[in-house]
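Pasted below: data_5.tsv, TSV, C-alpha atoms.
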```tsv
chain	number	residue	atom	x	y	z
A	1	MET	CA	22.12	-65.16	72.54
A	2	SER	CA	23.21	-67.24	75.53
A	3	ASP	CA	26.08	-66.31	77.84
A	4	PRO	CA	29.21	-67.06	75.83
A	5	TYR	CA	31.03	-69.05	78.46
A	6	THR	CA	30.91	-69.99	82.11
A	7	SER	CA	32.90	-67.74	84.42
A	8	LEU	CA	32.91	-67.30	88.16
A	9	THR	CA	31.05	-64.02	87.72
A	10	ALA	CA	28.45	-65.64	85.47
A	11	ALA	CA	27.83	-68.41	87.99
A	12	GLU	CA	27.31	-65.90	90.79
A	13	ILE	CA	24.93	-63.89	88.62
A	14	ALA	CA	22.88	-67.03	87.94
A	15	SER	CA	22.56	-67.78	91.67
A	16	GLN	CA	20.68	-64.58	92.50
A	17	PRO	CA	17.10	-65.92	92.52
A	18	LYS	CA	18.15	-68.51	95.11
A	19	CYS	CA	19.94	-65.85	97.19
A	20	TRP	CA	16.95	-63.51	97.13
A	21	ARG	CA	14.65	-66.30	98.25
A	22	GLN	CA	16.99	-67.15	101.10
A	23	ALA	CA	17.15	-63.49	102.13
A	24	SER	CA	13.37	-63.43	102.42
A	25	GLU	CA	13.33	-66.67	104.40
A	26	THR	CA	15.91	-65.40	106.90
A	27	LEU	CA	14.42	-61.92	107.34
A	28	ALA	CA	12.94	-62.82	110.72
A	29	LEU	CA	16.46	-63.28	112.10
A	30	HIS	CA	17.42	-59.73	111.16
A	31	ALA	CA	14.21	-57.68	111.34
A	32	THR	CA	14.98	-56.09	114.72
A	33	ASP	CA	18.33	-54.81	113.41
A	34	LEU	CA	16.84	-53.03	110.41
A	35	PRO	CA	15.44	-49.47	110.31
A	36	ARG	CA	12.08	-49.08	111.98
A	37	ARG	CA	9.07	-47.23	110.67
A	38	GLY	CA	9.31	-43.52	111.39
A	39	GLU	CA	13.06	-43.43	111.94
A	40	ARG	CA	15.18	-40.90	110.09
A	41	VAL	CA	17.77	-43.08	108.40
A	42	ALA	CA	21.02	-42.61	106.51
A	43	VAL	CA	22.28	-45.41	104.26
A	44	VAL	CA	25.91	-45.49	103.14
A	45	GLY	CA	28.19	-47.58	100.97
A	46	CYS	CA	30.90	-47.35	98.34
A	47	GLY	CA	30.58	-48.14	94.64
A	48	THR	CA	27.91	-50.78	94.06
A	49	SER	CA	26.87	-50.63	97.72
A	50	TRP	CA	26.23	-46.89	97.38
A	51	PHE	CA	23.94	-47.50	94.41
A	52	MET	CA	21.99	-50.11	96.40
A	53	ALA	CA	21.78	-47.56	99.21
A	54	GLN	CA	20.21	-45.07	96.79
A	55	ALA	CA	17.67	-47.62	95.61
A	56	TYR	CA	16.69	-48.59	99.15
A	57	ALA	CA	16.48	-44.99	100.34
A	58	ALA	CA	14.07	-44.14	97.53
A	59	LEU	CA	11.98	-47.26	98.18
A	60	ARG	CA	11.80	-46.67	101.91
A	61	GLU	CA	10.91	-43.00	101.78
A	62	SER	CA	8.43	-43.23	98.89
A	63	GLY	CA	6.72	-46.10	100.74
A	64	GLY	CA	6.05	-43.81	103.69
A	65	HIS	CA	8.46	-45.60	106.02
A	66	GLY	CA	10.44	-42.50	106.96
A	67	GLU	CA	12.90	-39.90	105.72
A	68	THR	CA	15.89	-41.70	104.22
A	69	ASP	CA	19.11	-40.32	102.75
A	70	ALA	CA	21.82	-42.18	100.84
A	71	PHE	CA	25.48	-41.17	100.78
A	72	ALA	CA	28.77	-42.43	99.50
A	73	ALA	CA	30.46	-43.25	102.81
A	74	SER	CA	33.16	-40.65	102.19
A	75	GLU	CA	30.52	-37.93	101.65
A	76	PHE	CA	28.33	-38.47	104.71
A	77	HIS	CA	27.10	-35.27	106.36
A	78	LEU	CA	28.28	-35.58	109.96
A	79	GLY	CA	26.35	-32.48	110.96
A	80	ARG	CA	22.95	-34.02	110.22
A	81	SER	CA	20.84	-35.84	112.79
A	82	TYR	CA	19.73	-39.43	112.14
A	83	ASP	CA	18.05	-42.12	114.21
A	84	ARG	CA	20.00	-44.91	112.52
A	85	LEU	CA	22.91	-45.40	110.15
A	86	LEU	CA	22.77	-48.37	107.80
A	87	ALA	CA	26.14	-49.27	106.24
A	88	ILE	CA	26.56	-51.72	103.35
A	89	SER	CA	29.97	-53.35	102.86
A	90	ARG	CA	30.42	-56.71	101.14
A	91	SER	CA	34.00	-57.15	102.34
A	92	GLY	CA	33.59	-55.59	105.77
A	93	THR	CA	36.99	-53.94	105.27
A	94	THR	CA	36.26	-50.84	103.19
A	95	THR	CA	38.19	-47.95	104.71
A	96	GLU	CA	35.59	-45.21	104.21
A	97	VAL	CA	32.81	-47.30	105.77
A	98	LEU	CA	34.88	-48.31	108.80
A	99	ASP	CA	36.04	-44.73	109.31
A	100	LEU	CA	32.47	-43.42	109.26
A	101	LEU	CA	31.22	-46.08	111.68
A	102	SER	CA	34.01	-45.08	114.05
A	103	ARG	CA	33.07	-41.40	113.79
A	104	VAL	CA	29.38	-41.91	114.59
A	105	ARG	CA	29.85	-44.51	117.32
A	106	GLY	CA	27.95	-43.48	120.43
A	107	ALA	CA	26.09	-40.75	118.57
A	108	VAL	CA	24.05	-42.65	115.97
A	109	PRO	CA	22.99	-46.32	116.30
A	110	SER	CA	24.51	-48.23	113.41
A	111	VAL	CA	23.89	-51.51	111.62
A	112	ALA	CA	26.14	-52.99	108.95
A	113	LEU	CA	25.22	-55.45	106.22
A	114	THR	CA	28.17	-57.58	105.15
A	115	ALA	CA	29.06	-60.92	103.59
A	116	ASP	CA	32.00	-61.77	105.82
A	117	ALA	CA	31.75	-62.31	109.57
A	118	ALA	CA	35.53	-62.38	110.02
A	119	THR	CA	36.16	-58.70	109.25
A	120	PRO	CA	36.54	-55.41	111.18
A	121	VAL	CA	32.98	-54.26	110.46
A	122	MET	CA	31.74	-56.83	113.01
A	123	THR	CA	33.00	-54.65	115.85
A	124	ALA	CA	32.81	-51.27	114.10
A	125	ALA	CA	28.99	-51.29	113.93
A	126	ASP	CA	26.55	-51.59	116.83
A	127	SER	CA	24.84	-54.53	115.11
A	128	VAL	CA	25.62	-56.55	112.00
A	129	VAL	CA	23.59	-58.56	109.50
A	130	VAL	CA	25.77	-61.21	107.84
A	131	LEU	CA	24.58	-62.48	104.45
A	132	ASP	CA	27.38	-64.99	104.01
A	133	PHE	CA	25.27	-67.16	101.71
A	134	ALA	CA	25.48	-64.33	99.16
A	135	ASP	CA	29.22	-63.76	99.46
A	136	GLU	CA	31.25	-63.73	96.25
A	137	GLU	CA	34.70	-64.74	95.11
A	138	SER	CA	34.56	-62.40	92.13
A	139	VAL	CA	35.84	-58.85	92.22
A	140	VAL	CA	32.80	-57.55	90.29
A	141	GLN	CA	29.96	-57.40	92.79
A	142	THR	CA	26.60	-58.83	91.72
A	143	ARG	CA	24.66	-61.18	93.99
A	144	PHE	CA	25.63	-59.71	97.36
A	145	ALA	CA	24.42	-56.24	96.42
A	146	THR	CA	21.10	-57.40	95.00
A	147	THR	CA	20.57	-59.76	97.94
A	148	VAL	CA	21.02	-56.84	100.35
A	149	LEU	CA	18.37	-54.92	98.43
A	150	ALA	CA	16.14	-58.00	98.36
A	151	LEU	CA	16.40	-58.31	102.15
A	152	LEU	CA	15.63	-54.63	102.69
A	153	ARG	CA	12.81	-54.76	100.19
A	154	ALA	CA	11.30	-57.80	101.93
A	155	HIS	CA	11.49	-55.91	105.23
A	156	LEU	CA	9.56	-52.99	103.77
A	157	GLU	CA	7.04	-55.47	102.40
A	158	THR	CA	6.40	-56.95	105.86
A	159	GLU	CA	5.76	-53.40	107.10
A	160	ASN	CA	3.32	-52.76	104.23
A	161	ALA	CA	5.62	-49.98	103.08
A	162	LEU	CA	6.35	-50.82	99.47
A	163	PRO	CA	5.48	-47.97	97.11
A	164	VAL	CA	2.47	-48.42	94.86
A	165	GLY	CA	3.39	-50.43	91.77
A	166	VAL	CA	6.44	-52.17	93.27
A	167	ARG	CA	6.08	-55.93	93.07
A	168	THR	CA	6.45	-58.34	95.96
A	169	LEU	CA	9.83	-59.99	96.37
A	170	ALA	CA	8.28	-63.35	95.47
A	171	GLN	CA	7.25	-61.87	92.12
A	172	ALA	CA	10.72	-60.40	91.67
A	173	VAL	CA	12.28	-63.82	92.29
A	174	ARG	CA	10.13	-65.36	89.58
A	175	ASP	CA	11.17	-62.59	87.19
A	176	ALA	CA	14.80	-63.11	88.19
A	177	GLU	CA	14.58	-66.79	87.31
A	178	TRP	CA	13.48	-65.80	83.81
A	179	ALA	CA	16.08	-63.03	83.50
A	180	SER	CA	18.85	-65.46	84.48
A	181	ILE	CA	18.29	-67.71	81.48
A	182	ALA	CA	16.44	-65.69	78.82
A	183	PRO	CA	18.46	-65.13	75.62
A	184	LEU	CA	20.12	-61.74	75.33
A	185	ASP	CA	19.56	-59.72	72.19
A	186	GLY	CA	22.57	-60.43	69.97
A	187	GLU	CA	22.85	-56.82	68.79
A	188	LEU	CA	23.66	-55.69	72.32
A	189	THR	CA	27.15	-57.16	72.30
A	190	SER	CA	27.99	-55.15	69.20
A	191	ALA	CA	26.62	-51.86	70.54
A	192	GLU	CA	29.09	-49.02	70.88
A	193	GLN	CA	27.61	-47.26	73.88
A	194	PHE	CA	24.97	-47.76	76.62
A	195	THR	CA	22.92	-45.20	78.53
A	196	PHE	CA	21.04	-46.60	81.53
A	197	LEU	CA	18.02	-44.75	82.87
A	198	GLY	CA	15.86	-45.00	85.97
A	199	SER	CA	13.39	-43.10	88.08
A	200	GLY	CA	12.91	-43.15	91.84
A	201	TRP	CA	14.38	-46.33	93.26
A	202	THR	CA	15.38	-47.61	89.82
A	203	TYR	CA	17.82	-44.74	89.28
A	204	GLY	CA	20.23	-46.52	91.62
A	205	LEU	CA	19.82	-49.66	89.50
A	206	ALA	CA	20.64	-47.67	86.36
A	207	LEU	CA	23.86	-46.37	87.92
A	208	GLU	CA	24.76	-49.90	89.00
A	209	ALA	CA	24.13	-51.35	85.53
A	210	ALA	CA	26.42	-48.75	84.01
A	211	LEU	CA	29.11	-49.57	86.57
A	212	LYS	CA	28.88	-53.31	85.86
A	213	LEU	CA	29.56	-52.85	82.14
A	214	ARG	CA	32.46	-50.51	82.87
A	215	GLU	CA	34.00	-52.85	85.43
A	216	ALA	CA	33.66	-56.16	83.61
A	217	ALA	CA	34.06	-55.08	79.99
A	218	GLY	CA	35.54	-51.58	79.94
A	219	ALA	CA	32.40	-50.47	78.10
A	220	TRP	CA	31.36	-46.87	77.42
A	221	THR	CA	28.35	-46.44	79.70
A	222	GLU	CA	26.44	-43.65	81.42
A	223	GLY	CA	23.54	-43.47	83.87
A	224	TYR	CA	20.91	-40.77	84.38
A	225	PRO	CA	17.47	-40.10	85.85
A	226	ALA	CA	15.04	-40.88	83.05
A	227	MET	CA	13.54	-37.40	82.78
A	228	GLU	CA	17.03	-35.85	82.60
A	229	TYR	CA	17.85	-37.91	79.52
A	230	ARG	CA	16.29	-35.34	77.20
A	231	HIS	CA	18.33	-32.55	78.78
A	232	GLY	CA	21.58	-33.38	77.06
A	233	PRO	CA	22.37	-37.11	77.41
A	234	ILE	CA	20.17	-38.02	74.45
A	235	SER	CA	22.75	-36.32	72.27
A	236	ILE	CA	25.01	-39.37	72.66
A	237	THR	CA	22.36	-41.85	71.49
A	238	GLY	CA	22.21	-42.93	67.85
A	239	PRO	CA	22.57	-45.96	65.60
A	240	GLY	CA	24.53	-48.71	67.31
A	241	ARG	CA	23.94	-47.18	70.75
A	242	VAL	CA	21.51	-48.33	73.44
A	243	ALA	CA	19.18	-46.56	75.88
A	244	TRP	CA	18.06	-48.98	78.64
A	245	MET	CA	15.21	-48.02	80.95
A	246	PHE	CA	14.65	-49.69	84.33
A	247	GLY	CA	10.96	-49.55	85.22
A	248	SER	CA	8.15	-47.70	83.51
A	249	LEU	CA	8.95	-45.64	80.43
A	250	PRO	CA	8.24	-41.92	80.69
A	251	GLN	CA	5.75	-40.75	78.07
A	252	GLY	CA	7.43	-40.07	74.76
A	253	LEU	CA	10.80	-41.61	75.65
A	254	ALA	CA	10.47	-44.51	73.22
A	255	ASP	CA	9.69	-42.07	70.41
A	256	ASP	CA	12.68	-39.93	71.36
A	257	VAL	CA	15.07	-42.90	71.21
A	258	ALA	CA	13.59	-44.03	67.90
A	259	ARG	CA	13.90	-40.51	66.47
A	260	VAL	CA	17.67	-40.45	67.00
A	261	GLY	CA	18.14	-44.00	65.75
A	262	GLY	CA	19.01	-45.64	69.06
A	263	THR	CA	18.01	-49.06	70.39
A	264	LEU	CA	15.62	-49.06	73.36
A	265	ILE	CA	15.66	-51.76	76.04
A	266	ALA	CA	12.92	-51.45	78.64
A	267	SER	CA	11.95	-53.76	81.50
A	268	SER	CA	8.39	-52.50	81.23
A	269	GLN	CA	7.86	-53.63	77.66
A	270	ASP	CA	10.37	-56.36	76.78
A	271	VAL	CA	8.31	-59.17	78.34
A	272	PRO	CA	4.52	-59.59	78.76
A	273	GLY	CA	3.43	-57.85	81.93
A	274	GLY	CA	6.82	-56.20	82.32
A	275	LEU	CA	9.88	-57.29	84.26
A	276	ASP	CA	10.74	-56.36	87.83
A	277	PRO	CA	13.53	-53.75	87.61
A	278	LEU	CA	15.77	-55.61	90.07
A	279	ALA	CA	15.39	-58.73	87.93
A	280	ASP	CA	16.17	-56.63	84.88
A	281	LEU	CA	19.50	-55.73	86.48
A	282	ILE	CA	20.41	-59.41	86.06
A	283	ARG	CA	20.10	-59.00	82.31
A	284	ALA	CA	22.52	-56.08	82.44
A	285	GLN	CA	24.94	-58.10	84.57
A	286	ARG	CA	24.82	-60.95	82.05
A	287	LEU	CA	25.40	-58.48	79.26
A	288	ALA	CA	28.51	-57.25	81.08
A	289	VAL	CA	29.90	-60.80	81.02
A	290	ALA	CA	28.97	-61.25	77.37
A	291	LEU	CA	30.58	-57.94	76.40
A	292	ALA	CA	33.72	-58.87	78.30
A	293	ALA	CA	33.99	-62.10	76.33
A	294	ALA	CA	33.33	-60.34	73.03
A	295	ARG	CA	36.04	-57.77	73.76
A	296	GLY	CA	38.63	-60.23	75.02
A	297	HIS	CA	38.36	-59.26	78.70
A	298	ASP	CA	38.15	-61.61	81.67
A	299	PRO	CA	35.20	-60.53	83.87
A	300	ASP	CA	36.70	-62.46	86.79
A	301	ARG	CA	39.84	-60.32	86.63
A	302	PRO	CA	38.73	-56.76	85.80
A	303	ARG	CA	41.37	-54.17	85.08
A	304	ASN	CA	42.56	-51.86	87.87
A	305	LEU	CA	40.17	-53.30	90.47
A	306	SER	CA	40.42	-55.26	93.71
A	307	ARG	CA	37.69	-56.92	95.76
A	308	SER	CA	37.90	-54.30	98.51
A	309	VAL	CA	39.37	-50.81	98.69
A	310	VAL	CA	41.54	-50.52	101.79
A	311	LEU	CA	43.44	-47.23	102.02
A	312	ASP	CA	46.80	-46.94	103.73
A	313	ASN	CA	47.47	-44.32	106.39
A	314	ARG	CA	48.58	-41.74	103.83
A	315	ASP	CA	45.18	-41.84	102.09
A	316	ALA	CA	42.78	-42.56	104.92
```

Would it be possible to restate this file's structure as structure tokens?
Amino acid sequence: MSDPYTSLTAAEIASQPKCWRQASETLALHATDLPRRGERVAVVGCGTSWFMAQAYAALRESGGHGETDAFAASEFHLGRSYDRLLAISRSGTTTEVLDLLSRVRGAVPSVALTADAATPVMTAADSVVVLDFADEESVVQTRFATTVLALLRAHLETENALPVGVRTLAQAVRDAEWASIAPLDGELTSAEQFTFLGSGWTYGLALEAALKLREAAGAWTEGYPAMEYRHGPISITGPGRVAWMFGSLPQGLADDVARVGGTLIASSQDVPGGLDPLADLIRAQRLAVALAAARGHDPDRPRNLSRSVVLDNRDA
């Protein structure tokens, strides 16, 4: 099926291949601000940005670039020693991120990635990378987050530090162009429940996919490491419920999903040659919009959410 209608969120989702390409083209302007090979790095964010931090940390460390930890900004371990702190904040106003940057100032060099140059993060961090071409009007974050990961992935690629089996960003862009327009399976919009799975860097993508469906459509979703799926989460899968794997399928997983009557979606087998997992996230984003429409929700105005979480003095 095609996307049911045009929304602001849907338009921003469709623009991602262009944004990723632009991130790659502008990398030279930002390369000196990004983590260097051998540095011990912490990456922080909130919500979607935290999940992108997890994906990047796994990519960077497994590619041999250096020890890399990812934290929700509110859960950063101040007692640990790092060579650089990388903070991701679309709005540049998120309280937890700004508070952490203030706490580490003078102790740990920091760089922030943001979409808005007219925000407090510009002076809170030691250096800032502004991806304003990927900024969004929508509350539900899509293209900014993936463009950040595209930029960081391109940087690892220039350092010859992509893990074995991870495609080049140029290949990912081509896959994203397909994922942006390919018909979605009609049975997905009638599914009762979704479990997203990943391994290594794609675990962060699985968590993000689950969040997108919850935010835009109020859907029942969960996210787990792929090998943990058999240790309990599979009990929720059955007829009318979906297990969606980002990246390569662990041996026997397809048989396990079939045995309990679930529907399996897998980037490694749904298209010839497989689909880049980051491009596959676009399919999940589009599904979130389609589910919202099917359930009478407006993805541009999700329930209980605002574009940025700014805490008042009582909560900070």

Gap from CA of Val148 (chain A) to CA of Ile282 (chain A) - Å, one decimal: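 A separation of 14.5 Å between them.
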
Minimum-distance residue to Ala87 (chain A), chosen among A:Ala28, A:Val43, A:Leu156, A:Ala107 (using only C-alpha atoms): A:Val43

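For the choices A:Pro239, A:Gly262, A:Gly223, A:Gly247, the atom-to-atom distance to Asp280 (chain A) is smallest for A:Gly247 when using all atoms listed in the file.
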
Length of the CA of Glu157 (chain A) to CA of Glu12 (chain A) vector [Å]: 25.6 Å

Atom pair CA of Val108 (chain A) / CA of Pro35 (chain A): separation (Å):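 Distance reported for this atom pair: 12.4 Å.
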
Selection as a short mmCIF file (atom, residue, chain, number, x, y, z; two decimals) with C-alpha atoms, keeping the file's coordinate frame: residues within 12 Å of (31.5, -63.2, 84.8), counting all atoms listed in the file:
```cif
data_model
loop_
_atom_site.label_atom_id
_atom_site.label_comp_id
_atom_site.auth_asym_id
_atom_site.auth_seq_id
_atom_site.Cartn_x
_atom_site.Cartn_y
_atom_site.Cartn_z
CA ASP A 3 26.08 -66.31 77.84
CA PRO A 4 29.21 -67.06 75.83
CA TYR A 5 31.03 -69.05 78.46
CA THR A 6 30.91 -69.99 82.11
CA SER A 7 32.90 -67.74 84.42
CA LEU A 8 32.91 -67.30 88.16
CA THR A 9 31.05 -64.02 87.72
CA ALA A 10 28.45 -65.64 85.47
CA ALA A 11 27.83 -68.41 87.99
CA GLU A 12 27.31 -65.90 90.79
CA ILE A 13 24.93 -63.89 88.62
CA ALA A 14 22.88 -67.03 87.94
CA GLU A 136 31.25 -63.73 96.25
CA GLU A 137 34.70 -64.74 95.11
CA SER A 138 34.56 -62.40 92.13
CA VAL A 139 35.84 -58.85 92.22
CA VAL A 140 32.80 -57.55 90.29
CA GLN A 141 29.96 -57.40 92.79
CA THR A 142 26.60 -58.83 91.72
CA ARG A 143 24.66 -61.18 93.99
CA LYS A 212 28.88 -53.31 85.86
CA LEU A 213 29.56 -52.85 82.14
CA GLU A 215 34.00 -52.85 85.43
CA ALA A 216 33.66 -56.16 83.61
CA ALA A 217 34.06 -55.08 79.99
CA ILE A 282 20.41 -59.41 86.06
CA ALA A 284 22.52 -56.08 82.44
CA GLN A 285 24.94 -58.10 84.57
CA ARG A 286 24.82 -60.95 82.05
CA LEU A 287 25.40 -58.48 79.26
CA ALA A 288 28.51 -57.25 81.08
CA VAL A 289 29.90 -60.80 81.02
CA ALA A 290 28.97 -61.25 77.37
CA LEU A 291 30.58 -57.94 76.40
CA ALA A 292 33.72 -58.87 78.30
CA ALA A 293 33.99 -62.10 76.33
CA HIS A 297 38.36 -59.26 78.70
CA ASP A 298 38.15 -61.61 81.67
CA PRO A 299 35.20 -60.53 83.87
CA ASP A 300 36.70 -62.46 86.79
CA ARG A 301 39.84 -60.32 86.63
CA PRO A 302 38.73 -56.76 85.80
#
```

Shell of 8 Å around region 124-127 of chain A, only C-alpha atoms, local chain residues under 2 positions omitted, as a list of chain:residue names: A:Asp33, A:Leu98, A:Leu101, A:Ser102, A:Arg105, A:Pro109, A:Ser110, A:Val111, A:Ala112, A:Pro120, A:Val121, A:Met122, A:Val129

All residues 6 Å or closer to region 167-175 of chain A, all atoms listed in the file, same chain fewer than 4 positions away omitted, as a PyMOL selection string: chain A and resi 17+276+279

Distance query Thr237 (chain A) at most 12 Å, only C-alpha atoms, self and fewer than 2 positions along chain excluded, as a PyMOL selection string: chain A and resi 191-196+220-222+229-230+232-235+239-244+256-264

Pick from A:Ala210, A:Leu151, A:Leu85, A:Leu131, whichever lies nearest to Ser24 (chain A) using only C-alpha atoms: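 Of A:Ala210, A:Leu151, A:Leu85, A:Leu131, the one nearest Ser24 (chain A) is A:Leu151, counting only C-alpha atoms.
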
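Distances here use all atoms listed in the file; by that measure, the residue among A:Val166, A:Ala115, A:Ala31, A:Leu86 closest to Phe133 (chain A) is A:Ala115.
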
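Within the 9 Å cut-off around Leu78 (chain A), using all atoms listed in the file and omitting residues fewer than 5 positions from it on the same chain, the listed residues are Leu100, Arg103 and Val104 of chain A.
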
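Checking A:Cys19, A:Leu29, A:Leu211, A:Leu249 one by one against Ser49 (chain A), counting all atoms listed in the file, you find the shortest gap at A:Leu211.
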
Sphere at (14.3, -41.7, 111.1), radius 8 Å, counting only C-alpha atoms: residues as a list in words: Pro35, Arg36, Arg37, Gly38, Glu39, Arg40, Val41, Gly66, Glu67, Thr68, Tyr82, Asp83 and Arg84 of chain A

Option closest in space to Trp50 (chain A), from A:Tyr203, A:Pro163, A:Thr119, A:Leu278 [counting only C-alpha atoms]: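 Of A:Tyr203, A:Pro163, A:Thr119, A:Leu278, the one nearest Trp50 (chain A) is A:Tyr203, counting only C-alpha atoms.
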